[in-house]
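The data block below is entry-v1.txt; it holds compact mmCIF, C-alpha atoms.
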```txt
# COMPACT_ATOMS: atom_id res chain seq x y z
CA MET A 26 86.28 106.55 114.67
CA SER A 27 88.70 108.71 116.56
CA SER A 28 89.64 112.29 115.91
CA ASN A 29 93.32 111.43 116.56
CA MET A 30 95.58 112.08 113.58
CA ALA A 31 99.08 110.80 112.83
CA GLY A 32 100.74 112.15 109.74
CA GLY A 33 97.37 113.29 108.40
CA ILE A 34 95.85 109.80 108.80
CA PRO A 35 93.08 109.16 111.35
CA VAL A 36 94.09 106.53 113.90
CA PRO A 37 92.03 104.56 116.43
CA ASP A 38 91.93 105.58 120.08
CA ALA A 39 94.83 104.46 122.28
CA GLN A 40 92.65 102.07 124.29
CA ALA A 41 91.65 100.19 121.13
CA ASP A 42 93.36 96.83 120.57
CA THR A 43 95.34 97.65 117.45
CA GLY A 44 98.38 95.36 117.50
CA PRO A 45 100.94 95.33 114.71
CA ASP A 46 98.49 94.29 112.01
CA ALA A 47 96.19 97.31 112.20
CA CYS A 48 96.23 98.29 108.54
CA LEU A 49 94.84 101.79 108.20
CA ALA A 50 95.18 102.06 104.43
CA GLU A 51 96.07 99.66 101.62
CA ARG A 52 97.00 100.50 98.03
CA LEU A 53 98.47 99.03 94.88
CA SER A 54 101.69 101.01 94.64
CA GLU A 55 103.05 99.80 91.29
CA ARG A 56 102.44 97.06 88.77
CA LEU A 57 104.35 95.80 85.76
CA PHE A 58 103.54 93.14 83.18
CA LEU A 59 105.98 92.18 80.44
CA ARG A 60 105.14 89.59 77.84
CA GLY A 61 108.13 87.70 76.51
CA ALA A 62 107.84 85.14 73.75
CA GLN A 63 104.78 85.11 71.53
CA ARG A 64 102.25 82.38 72.15
CA SER A 65 102.94 80.99 68.68
CA ALA A 66 106.61 80.47 69.61
CA CYS A 67 105.73 78.49 72.72
CA GLY A 68 102.32 77.10 71.80
CA TRP A 69 99.52 76.72 74.31
CA GLN A 70 101.18 73.71 75.94
CA LEU A 71 102.88 75.90 78.51
CA GLU A 72 104.62 74.23 81.42
CA PRO A 73 106.83 77.13 82.46
CA GLN A 74 109.24 77.23 85.34
CA ILE A 75 107.92 79.83 87.79
CA ASN A 76 110.30 81.93 89.86
CA LEU A 77 108.75 83.85 92.78
CA ASP A 78 110.66 86.61 94.55
CA LEU A 79 109.29 88.43 97.62
CA HIS A 80 110.72 91.56 99.19
CA THR A 81 109.42 93.74 102.02
CA SER A 82 110.48 97.30 102.80
CA ALA A 83 109.21 99.85 105.29
CA ASN A 84 109.44 103.56 105.87
CA GLY A 85 108.52 105.25 109.12
CA LEU A 86 105.90 107.96 108.58
CA THR A 87 105.61 108.81 112.27
CA PRO A 88 106.89 106.99 115.37
CA GLU A 89 103.71 104.86 115.28
CA LEU A 90 102.99 104.56 111.53
CA ARG A 91 104.90 102.49 109.00
CA ASP A 92 104.41 102.47 105.24
CA VAL A 93 105.13 98.83 104.34
CA VAL A 94 105.62 97.74 100.72
CA LEU A 95 105.49 94.10 99.65
CA THR A 96 107.10 93.55 96.25
CA VAL A 97 106.06 90.34 94.47
CA THR A 98 107.97 89.44 91.30
CA VAL A 99 106.95 86.43 89.21
CA ALA A 100 108.94 85.29 86.20
CA ALA A 101 107.73 82.46 83.98
CA LYS A 102 110.24 80.79 81.66
CA GLN A 103 110.06 77.84 79.34
CA ASN A 104 113.21 76.44 77.74
CA ASP A 105 115.18 79.56 78.81
CA VAL A 106 112.63 81.78 77.04
CA THR A 107 110.81 84.34 79.20
CA ILE A 108 107.06 83.88 78.84
CA PHE A 109 106.05 86.71 81.18
CA LEU A 110 107.35 88.83 84.02
CA VAL A 111 105.00 90.40 86.56
CA GLU A 112 105.93 92.73 89.40
CA VAL A 113 103.42 94.09 91.87
CA LYS A 114 104.15 96.46 94.74
CA GLN A 115 101.35 96.28 97.28
CA ALA A 116 101.59 98.81 100.10
CA GLY A 117 99.82 99.54 103.34
CA ILE A 118 100.06 101.98 106.23
CA PHE A 119 100.23 100.12 109.52
CA LEU A 120 99.76 101.39 113.06
CA MET A 121 102.40 99.99 115.43
CA ARG A 122 101.64 101.43 118.80
CA GLY A 123 103.50 100.29 121.90
CA LEU A 124 105.78 97.77 120.19
CA THR A 125 109.40 97.09 120.99
CA GLU A 126 111.98 97.29 118.19
CA PRO A 127 112.13 93.46 117.79
CA ASP A 128 108.31 93.37 117.62
CA ILE A 129 108.29 96.09 114.95
CA LYS A 130 110.86 94.14 112.94
CA ARG A 131 108.73 90.99 113.19
CA ALA A 132 105.57 92.90 112.26
CA VAL A 133 107.20 94.50 109.20
CA SER A 134 108.71 91.18 108.06
CA SER A 135 105.84 88.82 108.86
CA VAL A 136 102.51 90.30 109.93
CA CYS A 137 102.28 93.19 107.45
CA PRO A 138 103.23 91.10 104.38
CA SER A 139 100.62 88.51 105.45
CA VAL A 140 97.98 91.25 105.31
CA LEU A 141 99.19 92.62 101.95
CA PHE A 142 99.86 89.33 100.14
CA PRO A 143 96.24 88.42 99.25
CA TYR A 144 95.87 91.77 97.45
CA ALA A 145 99.18 91.31 95.60
CA ARG A 146 98.24 87.72 94.75
CA ALA A 147 94.96 88.87 93.19
CA ALA A 148 96.73 91.63 91.24
CA VAL A 149 99.28 89.15 89.82
CA SER A 150 96.51 86.78 88.80
CA HIS A 151 94.58 89.59 87.11
CA LEU A 152 97.62 90.88 85.21
CA VAL A 153 98.57 87.41 83.93
CA THR A 154 95.01 86.71 82.77
CA GLN A 155 94.70 90.14 81.15
CA GLY A 156 98.00 89.43 79.39
CA GLY A 157 96.35 86.57 77.53
CA PHE A 158 97.66 83.66 79.59
CA PRO A 159 95.70 80.96 81.44
CA GLN A 160 94.59 81.76 84.97
CA PHE A 161 97.54 81.84 87.34
CA MET A 162 97.27 81.85 91.14
CA LEU A 163 100.23 82.13 93.48
CA PRO A 164 100.31 79.62 96.31
CA PRO A 165 99.87 80.86 99.88
CA VAL A 166 103.06 82.08 101.59
CA ASN A 167 103.87 81.52 105.27
CA PHE A 168 105.62 84.79 106.17
CA ASP A 169 106.03 83.69 109.80
CA ALA A 170 108.12 80.72 108.65
CA LEU A 171 110.15 82.90 106.26
CA TYR A 172 110.84 85.38 109.06
CA ALA A 173 111.84 82.61 111.47
CA GLN A 174 114.14 81.13 108.82
CA SER A 175 115.80 84.49 108.12
CA SER A 176 116.17 85.20 111.85
CA ASN A 177 118.02 81.91 112.36
CA GLN A 178 120.54 82.53 109.58
CA PRO A 179 123.90 83.90 110.73
CA GLN A 180 124.42 87.54 109.83
CA PRO A 181 127.38 88.30 107.54
CA THR A 182 130.30 89.95 109.27
CA ALA A 183 132.48 92.67 107.83
CA ALA A 184 135.99 91.64 106.80
CA ASN A 185 138.83 93.46 108.48
```
What is this structure when it is put down as C-alpha cells?
Amino acid sequence: MSSNMAGGIPVPDAQADTGPDACLAERLSERLFLRGAQRSACGWQLEPQINLDLHTSANGLTPELRDVVLTVTVAAKQNDVTIFLVEVKQAGIFLMRGLTEPDIKRAVSSVCPSVLFPYARAAVSHLVTQGGFPQFMLPPVNFDALYAQSSNQPQPTAAN
C-alpha cells in the first residue's frame, strides 16, 4: 500500500495499473423500503409488474477521485396497487488517474455502476425478503449498452 493520500484516502502508487474502475471504498449510502398493500389484500399469488429505475451521479472529491452514487429504485405494483417500493443508493470512491474528460464520463456512467450494481442488487434482495416478500433478484444490467444508447441519442437543444 502506498503512503500517497488524496482527500484523506490512501491511493495506490502512480505506476500501479489503476484504470477507471479502481474502487478505493464502497458503501451503502441510503436504503428505503416501503410496503404498500397488505398481503391479505393481494394474496400470496403475486405477479406484480416491476419497474426498475437506475440513476448515476458523481461528485469530484479531488481531481483524481470521484464519489459515484448508483441509485436503484424498484417499484412492484399489482392491479395499480403498490406492493412495495425499494430504493438503494450504493456509493463508491473511484480513482480516475490520467483519464480524458470523455473517458471520465464513460467511467462514471458505465464502469463505476457496473462495480456498484452487485452490491445494490444484493441490498434490494435483502430488503424485499426482510419485508416479508418472496425472494427477489434483479436481473443483470449491461451499463456499457445503456451508456452507448444514451450517447447515441440526440441532445435536446434550447429553444430561442
Exercise for the section: Could you tell me which of A:Leu124, A:Leu86, A:Ala100, A:Ile75 comes closest to A:Pro164 if we count only C-alpha atoms? Expected result: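 Comparing A:Leu124, A:Leu86, A:Ala100, A:Ile75 against A:Pro164, the winner is A:Ile75.
Atom pair atom CA of A:Pro73 / atom CA of A:Thr107 has a distance of 8.9 Å (rounded to one decimal).
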Practice task
Go through A:Leu90, A:Pro138, A:Asn104, A:Gly157 and flag the residue nearest A:Leu120, using all atoms listed in the file for the distances.
Solution key: A:Leu90
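Taking atom CA of A:Tyr172 and atom CA of A:Ala132 as the two end points, the separation is 9.7 Å.
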Practice task
Mind checking which residues fall within 12 Å of stretch 51-63 of chain A, counting all atoms listed in the file, ignoring those fewer than 6 positions away in the same chain, and posting them as JSON, numbers by chain?
Solution key: {"A": [69, 71, 73, 91, 92, 93, 94, 95, 96, 97, 98, 99, 100, 101, 102, 103, 104, 105, 106, 107, 108, 109, 110, 111, 112, 113, 114, 115, 116, 117, 118, 119, 137, 138, 140, 141, 142, 143, 144, 145, 146, 147, 148, 149, 150, 151, 152, 153, 154, 155, 156, 157, 158]}
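Across the model, the gap from atom CA of A:Val166 to atom CA of A:Ser82 is 17.0 Å.
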Handout entry: Cut-off 10 Å around (106.6, 85.8, 108.3) with all atoms listed in the file: residues as a count of residues only
Key = 19
Centre, edges in Å (one decimal): axis-aligned box, stretch 162-174 of chain A, 3 Å padding on all six sides, as JSON:
```
{"center_x": 105.7, "center_y": 82.5, "center_z": 101.3, "size_x": 22.9, "size_y": 11.8, "size_z": 26.3}
```
